[in-house]
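Engineer: To start, I am sharing the structure in question, which I have written as structure tokens.
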Amino acid sequence: MTRYTLITGASSGIGLALAEALARRGRNLILVARQRDALDSIACELTQRFGVEVLFRVCDLSQPLRVSGLLHELEHSDFTIDLLVNNAGIGTTGDYVSQDWACEQQLIELNVLALARLCHAVGTLMAGQGCGQILNVASIAGFQPGPGMSNYYASKAYVLHFSEGLREDLKPYGVKVSVLCPGPTNSAFFRRAQMDARALQSSKLMMSAEEVALITVKALEKNRAIIIPGWRNRLLALSPRLAPRWLVRRISAYLNRRFGKPSR
Ligand SMILES: NC(=O)c1ccc[n+]([C@@H]2O[C@H](COP(=O)([O-])OP(=O)(O)OC[C@H]3O[C@@H](n4cnc5c(N)ncnc54)[C@H](OP(=O)(O)O)[C@@H]3O)[C@@H](O)[C@H]2O)c1
């Protein structure tokens, strides 16, 4: 039975970079995202370059019925998923009440519910096999509250805490769980969240998706629990624990206003 790594949000950014880094290591892939053309050309390219099998599934993971369809296929197929990468995620920015609810709901459906559901379904299959590995993509935003991006930060806090809990829950079944907490990473994320990332782009904080992927793949091989790429990001993740929460909220609000102001 062929083994696959399933990566959500593999059509761009960190997910695409992870797909490339894992294909380079000889892993067969199943790529999941919404953009068919992008997935098709990525699958062809990775197959040609690395000689691995790359399948793709077009799926809007913010729609529970589509997630059901994907899971049904996975549960009734010959695929063995030995690594699940829950990477797909979106951000919204601005005062919460000025946001369109549909966008906020989509964020929760994708960042939280789809991830939790995939972990449940694929985690159950892995537990039955007595092995497997799950990587969930959170953010350094998960370590603190984020005024101006409250829903996004809270969704990533969920992913961080959920993944740490799941790691212990699945240990007796031989399934490993890690959580990736990137800092600012050059990708379509900012444009899609309607953020003006120019100030961030010219700062030393911004990492490339390829750098993040390389660090992540090495850390996965060592079964690290929490993967925070780059020393600056490790410091940023630690700092909320050293300051009172009122101060953390204010600094976070200031940084989100400065770096996350809506693009015009
Ligand atoms: N960039 C950063 O600074 C940063 C920092 C910390 C954490 N992260 C996290 O890293 C992850 C990847 O983000 P990125 O920076 O690589 O951004 P990105 O380039 O915008 O990639 C997001 C990926 O998610 C997919 N996606 C979005 N909505 C989807 C949906 N409804 N159903 C299925 N797939 C969907 C997109 O593909 P389609 O459009 O084809 O569906 C794309 O492949 C996210 O979870 C993000 O929160 C990013």
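Numbering starts fresh at 1 for the residues of each chain in the structure tokens, the chains themselves are lettered A, B, ... in the order given, and ligands are numbered from 1 as they appear.
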Name all residues at most 10 Å from region 114-127 of chain A (count only C-alpha atoms; drop same-chain ones fewer than 6 positions away) and give them as a ChimeraX atom specification.
Structural biologist: /A:6,8,60-64,66-68,70-72,74-75,80-89,108,133-137,158-159,162-163,166,170-177
Engineer: Using only C-alpha atoms and all ligand atoms, which residues have at least one atom no more than 7 Å from ligand 1? Output them as a PDB file with N, CA and C atoms, in the first residue's frame.
Structural biologist:
```pdb
ATOM      1  N   THR A   8      -2.588  20.183   3.394  1.00  0.00           N
ATOM      2  CA  THR A   8      -3.645  21.136   3.032  1.00  0.00           C
ATOM      3  C   THR A   8      -3.005  22.507   2.781  1.00  0.00           C
ATOM      4  N   GLY A   9      -3.630  23.268   1.902  1.00  0.00           N
ATOM      5  CA  GLY A   9      -3.088  24.593   1.577  1.00  0.00           C
ATOM      6  C   GLY A   9      -1.740  24.485   0.887  1.00  0.00           C
ATOM      7  N   ALA A  10      -1.652  23.508  -0.046  1.00  0.00           N
ATOM      8  CA  ALA A  10      -0.357  23.250  -0.693  1.00  0.00           C
ATOM      9  C   ALA A  10      -0.197  24.003  -2.007  1.00  0.00           C
ATOM     10  N   SER A  11      -1.138  24.902  -2.330  1.00  0.00           N
ATOM     11  CA  SER A  11      -1.051  25.592  -3.626  1.00  0.00           C
ATOM     12  C   SER A  11      -0.177  26.833  -3.577  1.00  0.00           C
ATOM     13  N   SER A  12       0.222  27.270  -2.371  1.00  0.00           N
ATOM     14  CA  SER A  12       1.100  28.451  -2.294  1.00  0.00           C
ATOM     15  C   SER A  12       1.763  28.527  -0.926  1.00  0.00           C
ATOM     16  N   GLY A  13       2.714  29.467  -0.807  1.00  0.00           N
ATOM     17  CA  GLY A  13       3.314  29.816   0.482  1.00  0.00           C
ATOM     18  C   GLY A  13       3.974  28.659   1.226  1.00  0.00           C
ATOM     19  N   ILE A  14       3.704  28.577   2.524  1.00  0.00           N
ATOM     20  CA  ILE A  14       4.372  27.599   3.383  1.00  0.00           C
ATOM     21  C   ILE A  14       3.995  26.165   2.978  1.00  0.00           C
ATOM     22  N   GLY A  15       2.723  25.958   2.611  1.00  0.00           N
ATOM     23  CA  GLY A  15       2.284  24.615   2.220  1.00  0.00           C
ATOM     24  C   GLY A  15       3.005  24.134   0.971  1.00  0.00           C
ATOM     25  N   LEU A  16       3.168  25.016   0.003  1.00  0.00           N
ATOM     26  CA  LEU A  16       3.883  24.668  -1.226  1.00  0.00           C
ATOM     27  C   LEU A  16       5.358  24.374  -0.910  1.00  0.00           C
ATOM     28  N   VAL A  32      -3.889  19.357  -1.165  1.00  0.00           N
ATOM     29  CA  VAL A  32      -5.290  19.799  -1.069  1.00  0.00           C
ATOM     30  C   VAL A  32      -5.344  21.324  -1.023  1.00  0.00           C
ATOM     31  N   ALA A  33      -6.184  21.911  -1.838  1.00  0.00           N
ATOM     32  CA  ALA A  33      -6.449  23.363  -1.817  1.00  0.00           C
ATOM     33  C   ALA A  33      -7.624  23.602  -2.769  1.00  0.00           C
ATOM     34  N   ARG A  34      -7.931  24.873  -3.044  1.00  0.00           N
ATOM     35  CA  ARG A  34      -9.077  25.159  -3.926  1.00  0.00           C
ATOM     36  C   ARG A  34      -8.674  25.383  -5.384  1.00  0.00           C
ATOM     37  N   GLN A  35      -7.445  25.868  -5.618  1.00  0.00           N
ATOM     38  CA  GLN A  35      -7.067  26.275  -6.984  1.00  0.00           C
ATOM     39  C   GLN A  35      -6.560  25.089  -7.800  1.00  0.00           C
ATOM     40  N   CYS A  59     -10.512  21.058  -2.903  1.00  0.00           N
ATOM     41  CA  CYS A  59     -11.489  21.020  -1.812  1.00  0.00           C
ATOM     42  C   CYS A  59     -11.487  22.349  -1.058  1.00  0.00           C
ATOM     43  N   ASP A  60     -12.664  22.927  -0.905  1.00  0.00           N
ATOM     44  CA  ASP A  60     -12.786  24.112  -0.058  1.00  0.00           C
ATOM     45  C   ASP A  60     -13.005  23.623   1.372  1.00  0.00           C
ATOM     46  N   LEU A  61     -11.953  23.683   2.157  1.00  0.00           N
ATOM     47  CA  LEU A  61     -12.005  23.112   3.514  1.00  0.00           C
ATOM     48  C   LEU A  61     -12.824  23.958   4.487  1.00  0.00           C
ATOM     49  N   SER A  62     -13.277  25.141   4.037  1.00  0.00           N
ATOM     50  CA  SER A  62     -14.124  25.942   4.921  1.00  0.00           C
ATOM     51  C   SER A  62     -15.586  25.503   4.792  1.00  0.00           C
ATOM     52  N   ASN A  87      -2.097  22.705   7.094  1.00  0.00           N
ATOM     53  CA  ASN A  87      -1.446  24.010   6.905  1.00  0.00           C
ATOM     54  C   ASN A  87      -2.411  25.098   6.445  1.00  0.00           C
ATOM     55  N   ALA A  88      -3.479  24.728   5.723  1.00  0.00           N
ATOM     56  CA  ALA A  88      -4.371  25.742   5.139  1.00  0.00           C
ATOM     57  C   ALA A  88      -4.899  26.669   6.229  1.00  0.00           C
ATOM     58  N   GLY A  89      -4.830  27.949   5.978  1.00  0.00           N
ATOM     59  CA  GLY A  89      -5.326  28.914   6.956  1.00  0.00           C
ATOM     60  C   GLY A  89      -5.434  30.287   6.328  1.00  0.00           C
ATOM     61  N   ILE A  90      -6.334  31.092   6.875  1.00  0.00           N
ATOM     62  CA  ILE A  90      -6.490  32.473   6.399  1.00  0.00           C
ATOM     63  C   ILE A  90      -6.517  33.410   7.592  1.00  0.00           C
ATOM     64  N   GLY A  91      -6.299  34.700   7.310  1.00  0.00           N
ATOM     65  CA  GLY A  91      -6.383  35.718   8.354  1.00  0.00           C
ATOM     66  C   GLY A  91      -7.391  36.784   7.953  1.00  0.00           C
ATOM     67  N   LEU A 110     -12.185  27.041   8.598  1.00  0.00           N
ATOM     68  CA  LEU A 110     -10.939  26.547   7.995  1.00  0.00           C
ATOM     69  C   LEU A 110      -9.843  26.337   9.043  1.00  0.00           C
ATOM     70  N   ASN A 111      -9.524  27.407   9.792  1.00  0.00           N
ATOM     71  CA  ASN A 111      -8.375  27.355  10.708  1.00  0.00           C
ATOM     72  C   ASN A 111      -8.599  26.400  11.872  1.00  0.00           C
ATOM     73  N   VAL A 137      -0.289  23.640  11.570  1.00  0.00           N
ATOM     74  CA  VAL A 137       0.364  24.944  11.428  1.00  0.00           C
ATOM     75  C   VAL A 137      -0.420  25.993  12.231  1.00  0.00           C
ATOM     76  N   ALA A 138       0.211  26.458  13.308  1.00  0.00           N
ATOM     77  CA  ALA A 138      -0.354  27.548  14.111  1.00  0.00           C
ATOM     78  C   ALA A 138       0.387  28.814  13.703  1.00  0.00           C
ATOM     79  N   SER A 139       0.923  29.536  14.667  1.00  0.00           N
ATOM     80  CA  SER A 139       1.624  30.800  14.390  1.00  0.00           C
ATOM     81  C   SER A 139       2.185  31.292  15.721  1.00  0.00           C
ATOM     82  N   ILE A 140       3.162  32.194  15.670  1.00  0.00           N
ATOM     83  CA  ILE A 140       3.565  32.805  16.949  1.00  0.00           C
ATOM     84  C   ILE A 140       2.405  33.639  17.494  1.00  0.00           C
ATOM     85  N   CYS A 181       4.882  26.970  14.508  1.00  0.00           N
ATOM     86  CA  CYS A 181       4.487  28.346  14.830  1.00  0.00           C
ATOM     87  C   CYS A 181       5.413  29.313  14.102  1.00  0.00           C
ATOM     88  N   PRO A 182       5.122  29.590  12.830  1.00  0.00           N
ATOM     89  CA  PRO A 182       5.977  30.532  12.102  1.00  0.00           C
ATOM     90  C   PRO A 182       5.698  31.960  12.563  1.00  0.00           C
ATOM     91  N   GLY A 183       6.707  32.808  12.383  1.00  0.00           N
ATOM     92  CA  GLY A 183       6.493  34.245  12.486  1.00  0.00           C
ATOM     93  C   GLY A 183       6.153  34.745  11.093  1.00  0.00           C
ATOM     94  N   PRO A 184       6.260  36.063  10.876  1.00  0.00           N
ATOM     95  CA  PRO A 184       5.940  36.601   9.547  1.00  0.00           C
ATOM     96  C   PRO A 184       6.726  35.887   8.440  1.00  0.00           C
ATOM     97  N   THR A 185       6.019  35.407   7.457  1.00  0.00           N
ATOM     98  CA  THR A 185       6.620  34.620   6.382  1.00  0.00           C
ATOM     99  C   THR A 185       6.113  35.166   5.054  1.00  0.00           C
ATOM    100  N   ASN A 186       7.045  35.329   4.120  1.00  0.00           N
ATOM    101  CA  ASN A 186       6.676  35.927   2.840  1.00  0.00           C
ATOM    102  C   ASN A 186       5.758  34.991   2.054  1.00  0.00           C
ATOM    103  N   SER A 187       4.513  35.372   1.904  1.00  0.00           N
ATOM    104  CA  SER A 187       3.538  34.539   1.181  1.00  0.00           C
ATOM    105  C   SER A 187       2.339  35.413   0.809  1.00  0.00           C
ATOM    106  N   ALA A 188       1.349  34.751   0.200  1.00  0.00           N
ATOM    107  CA  ALA A 188       0.139  35.483  -0.198  1.00  0.00           C
ATOM    108  C   ALA A 188      -0.752  35.809   1.009  1.00  0.00           C
ATOM    109  N   PHE A 189      -0.363  35.312   2.185  1.00  0.00           N
ATOM    110  CA  PHE A 189      -1.204  35.460   3.378  1.00  0.00           C
ATOM    111  C   PHE A 189      -1.626  36.910   3.626  1.00  0.00           C
ATOM    112  N   PHE A 190      -0.654  37.830   3.541  1.00  0.00           N
ATOM    113  CA  PHE A 190      -0.921  39.229   3.907  1.00  0.00           C
ATOM    114  C   PHE A 190      -1.878  39.887   2.908  1.00  0.00           C
ATOM    115  N   ARG A 192      -4.014  38.341   1.036  1.00  0.00           N
ATOM    116  CA  ARG A 192      -5.342  37.738   1.189  1.00  0.00           C
ATOM    117  C   ARG A 192      -6.060  38.268   2.425  1.00  0.00           C
TER     118      ARG A 192
END
```
Engineer: Distance CA of Arg224 (chain A)-CA of Arg3 (chain A), one decimal place?
Structural biologist: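 Separation between CA of Arg224 (chain A) and CA of Arg3 (chain A): 22.0 Å.
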Engineer: I'd like the contact shell of region 214-221 of chain A - 8 Å cut-off, only C-alpha atoms, skipping same-chain residues fewer than 3 positions apart - returned as a PDB file with all heavy atoms, in the first residue's frame.
Structural biologist:
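In the end it all went to out31.pdb:
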```pdb
ATOM      1  N   LEU A  18       6.591  23.360   1.906  1.00  0.00           N
ATOM      2  CA  LEU A  18       6.661  22.078   2.625  1.00  0.00           C
ATOM      3  C   LEU A  18       6.511  20.917   1.641  1.00  0.00           C
ATOM      4  O   LEU A  18       7.206  19.897   1.765  1.00  0.00           O
ATOM      5  CB  LEU A  18       5.560  22.005   3.685  1.00  0.00           C
ATOM      6  CG  LEU A  18       5.827  22.759   4.994  1.00  0.00           C
ATOM      7  CD1 LEU A  18       4.564  22.826   5.851  1.00  0.00           C
ATOM      8  CD2 LEU A  18       6.962  22.100   5.797  1.00  0.00           C
ATOM      9  N   ALA A  21       9.831  20.488  -0.055  1.00  0.00           N
ATOM     10  CA  ALA A  21      10.858  19.943   0.854  1.00  0.00           C
ATOM     11  C   ALA A  21      10.591  18.460   1.135  1.00  0.00           C
ATOM     12  O   ALA A  21      11.535  17.661   1.247  1.00  0.00           O
ATOM     13  CB  ALA A  21      10.867  20.747   2.153  1.00  0.00           C
ATOM     14  N   LEU A  22       9.330  18.079   1.242  1.00  0.00           N
ATOM     15  CA  LEU A  22       9.005  16.677   1.545  1.00  0.00           C
ATOM     16  C   LEU A  22       9.161  15.797   0.303  1.00  0.00           C
ATOM     17  O   LEU A  22       9.608  14.655   0.407  1.00  0.00           O
ATOM     18  CB  LEU A  22       7.582  16.593   2.118  1.00  0.00           C
ATOM     19  CG  LEU A  22       7.465  17.184   3.535  1.00  0.00           C
ATOM     20  CD1 LEU A  22       6.015  17.447   3.907  1.00  0.00           C
ATOM     21  CD2 LEU A  22       8.123  16.266   4.577  1.00  0.00           C
ATOM     22  N   SER A 178       3.179  17.361  16.047  1.00  0.00           N
ATOM     23  CA  SER A 178       3.986  18.579  16.209  1.00  0.00           C
ATOM     24  C   SER A 178       3.165  19.779  15.783  1.00  0.00           C
ATOM     25  O   SER A 178       2.222  19.644  14.997  1.00  0.00           O
ATOM     26  CB  SER A 178       5.247  18.525  15.334  1.00  0.00           C
ATOM     27  OG  SER A 178       6.032  17.401  15.646  1.00  0.00           O
ATOM     28  N   LEU A 180       3.678  23.731  14.204  1.00  0.00           N
ATOM     29  CA  LEU A 180       4.585  24.733  13.634  1.00  0.00           C
ATOM     30  C   LEU A 180       4.042  26.124  13.945  1.00  0.00           C
ATOM     31  O   LEU A 180       2.877  26.413  13.672  1.00  0.00           O
ATOM     32  CB  LEU A 180       4.670  24.527  12.114  1.00  0.00           C
ATOM     33  CG  LEU A 180       5.352  25.638  11.300  1.00  0.00           C
ATOM     34  CD1 LEU A 180       6.833  25.776  11.691  1.00  0.00           C
ATOM     35  CD2 LEU A 180       5.229  25.347   9.796  1.00  0.00           C
ATOM     36  N   GLU A 210      10.479  28.990   2.106  1.00  0.00           N
ATOM     37  CA  GLU A 210      11.421  27.877   1.910  1.00  0.00           C
ATOM     38  C   GLU A 210      12.259  27.661   3.168  1.00  0.00           C
ATOM     39  O   GLU A 210      12.511  26.531   3.581  1.00  0.00           O
ATOM     40  CB  GLU A 210      12.349  28.153   0.708  1.00  0.00           C
ATOM     41  CG  GLU A 210      11.657  28.109  -0.641  1.00  0.00           C
ATOM     42  CD  GLU A 210      10.707  29.289  -0.894  1.00  0.00           C
ATOM     43  OE1 GLU A 210      10.902  30.359  -0.274  1.00  0.00           O
ATOM     44  OE2 GLU A 210       9.772  29.129  -1.700  1.00  0.00           O
ATOM     45  N   GLU A 211      12.702  28.794   3.779  1.00  0.00           N
ATOM     46  CA  GLU A 211      13.468  28.692   5.044  1.00  0.00           C
ATOM     47  C   GLU A 211      12.631  28.001   6.117  1.00  0.00           C
ATOM     48  O   GLU A 211      13.105  27.124   6.836  1.00  0.00           O
ATOM     49  CB  GLU A 211      13.735  30.122   5.555  1.00  0.00           C
ATOM     50  CG  GLU A 211      15.122  30.657   5.411  1.00  0.00           C
ATOM     51  CD  GLU A 211      15.151  32.077   5.981  1.00  0.00           C
ATOM     52  OE1 GLU A 211      14.421  32.962   5.453  1.00  0.00           O
ATOM     53  OE2 GLU A 211      15.858  32.288   6.956  1.00  0.00           O
ATOM     54  N   ARG A 224      10.053  17.158  17.147  1.00  0.00           N
ATOM     55  CA  ARG A 224       9.922  18.305  18.052  1.00  0.00           C
ATOM     56  C   ARG A 224       8.445  18.599  18.301  1.00  0.00           C
ATOM     57  O   ARG A 224       7.624  18.531  17.375  1.00  0.00           O
ATOM     58  CB  ARG A 224      10.557  19.547  17.436  1.00  0.00           C
ATOM     59  CG  ARG A 224      12.048  19.412  17.237  1.00  0.00           C
ATOM     60  CD  ARG A 224      12.793  19.865  18.483  1.00  0.00           C
ATOM     61  NE  ARG A 224      14.198  19.967  18.235  1.00  0.00           N
ATOM     62  CZ  ARG A 224      15.139  19.141  18.733  1.00  0.00           C
ATOM     63  NH1 ARG A 224      14.805  18.146  19.530  1.00  0.00           N
ATOM     64  NH2 ARG A 224      16.409  19.329  18.453  1.00  0.00           N
ATOM     65  N   ILE A 227       7.521  23.827  16.933  1.00  0.00           N
ATOM     66  CA  ILE A 227       8.579  24.258  16.011  1.00  0.00           C
ATOM     67  C   ILE A 227       8.395  25.755  15.747  1.00  0.00           C
ATOM     68  O   ILE A 227       7.382  26.173  15.162  1.00  0.00           O
ATOM     69  CB  ILE A 227       8.484  23.466  14.680  1.00  0.00           C
ATOM     70  CG1 ILE A 227       8.518  21.956  14.948  1.00  0.00           C
ATOM     71  CG2 ILE A 227       9.606  23.882  13.727  1.00  0.00           C
ATOM     72  CD1 ILE A 227       8.041  21.106  13.764  1.00  0.00           C
ATOM     73  N   PRO A 229      10.360  28.643  13.852  1.00  0.00           N
ATOM     74  CA  PRO A 229      11.535  28.912  13.023  1.00  0.00           C
ATOM     75  C   PRO A 229      12.147  30.294  13.314  1.00  0.00           C
ATOM     76  O   PRO A 229      11.427  31.296  13.316  1.00  0.00           O
ATOM     77  CB  PRO A 229      10.980  28.883  11.587  1.00  0.00           C
ATOM     78  CG  PRO A 229       9.586  28.332  11.691  1.00  0.00           C
ATOM     79  CD  PRO A 229       9.110  28.655  13.068  1.00  0.00           C
TER      80      PRO A 229
END
```
Engineer: Check the smallest atom-to-atom distance from each of A:Gln201, A:Thr92, A:Ser150, A:Ser155 to Ser252 (chain A) using only C-alpha atoms, then report the winner.
Structural biologist: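 Closest candidate: A:Ser150.
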Engineer: Find the residue from A:Leu236, A:Leu255, A:Ala38, A:Met149 that sits nearest to Ser98 (chain A); use only C-alpha atoms when measuring.
Structural biologist: A:Met149
Engineer: Restricting the calculation to only C-alpha atoms, which member of A:Gln99, A:Ser41, A:Asn256, A:Gln129 is positioned closest to Leu200 (chain A)?
Structural biologist: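 Closest to Leu200 (chain A), using only C-alpha atoms: A:Asn256.
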Engineer: Using only C-alpha atoms, which of A:Arg232, A:Arg241, A:Arg191, A:Arg57 sits nearest Met206 (chain A)?
Structural biologist: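 Ranked by minimum distance to Met206 (chain A), first place goes to A:Arg232.
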Engineer: What does the structure give for the distance between CA of Cys131 (chain A) and CA of Arg167 (chain A), in Å to one decimal?
Structural biologist: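 Between CA of Cys131 (chain A) and CA of Arg167 (chain A) the gap works out to 12.7 Å.
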Engineer: May I ask which of the residues A:Gly69, A:Pro244, A:Gly165, A:Gly94 is the closest one to Gln144 (chain A), counting only C-alpha atoms?
Structural biologist: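 Residue with the minimum atom-to-atom distance to Gln144 (chain A): A:Pro244.
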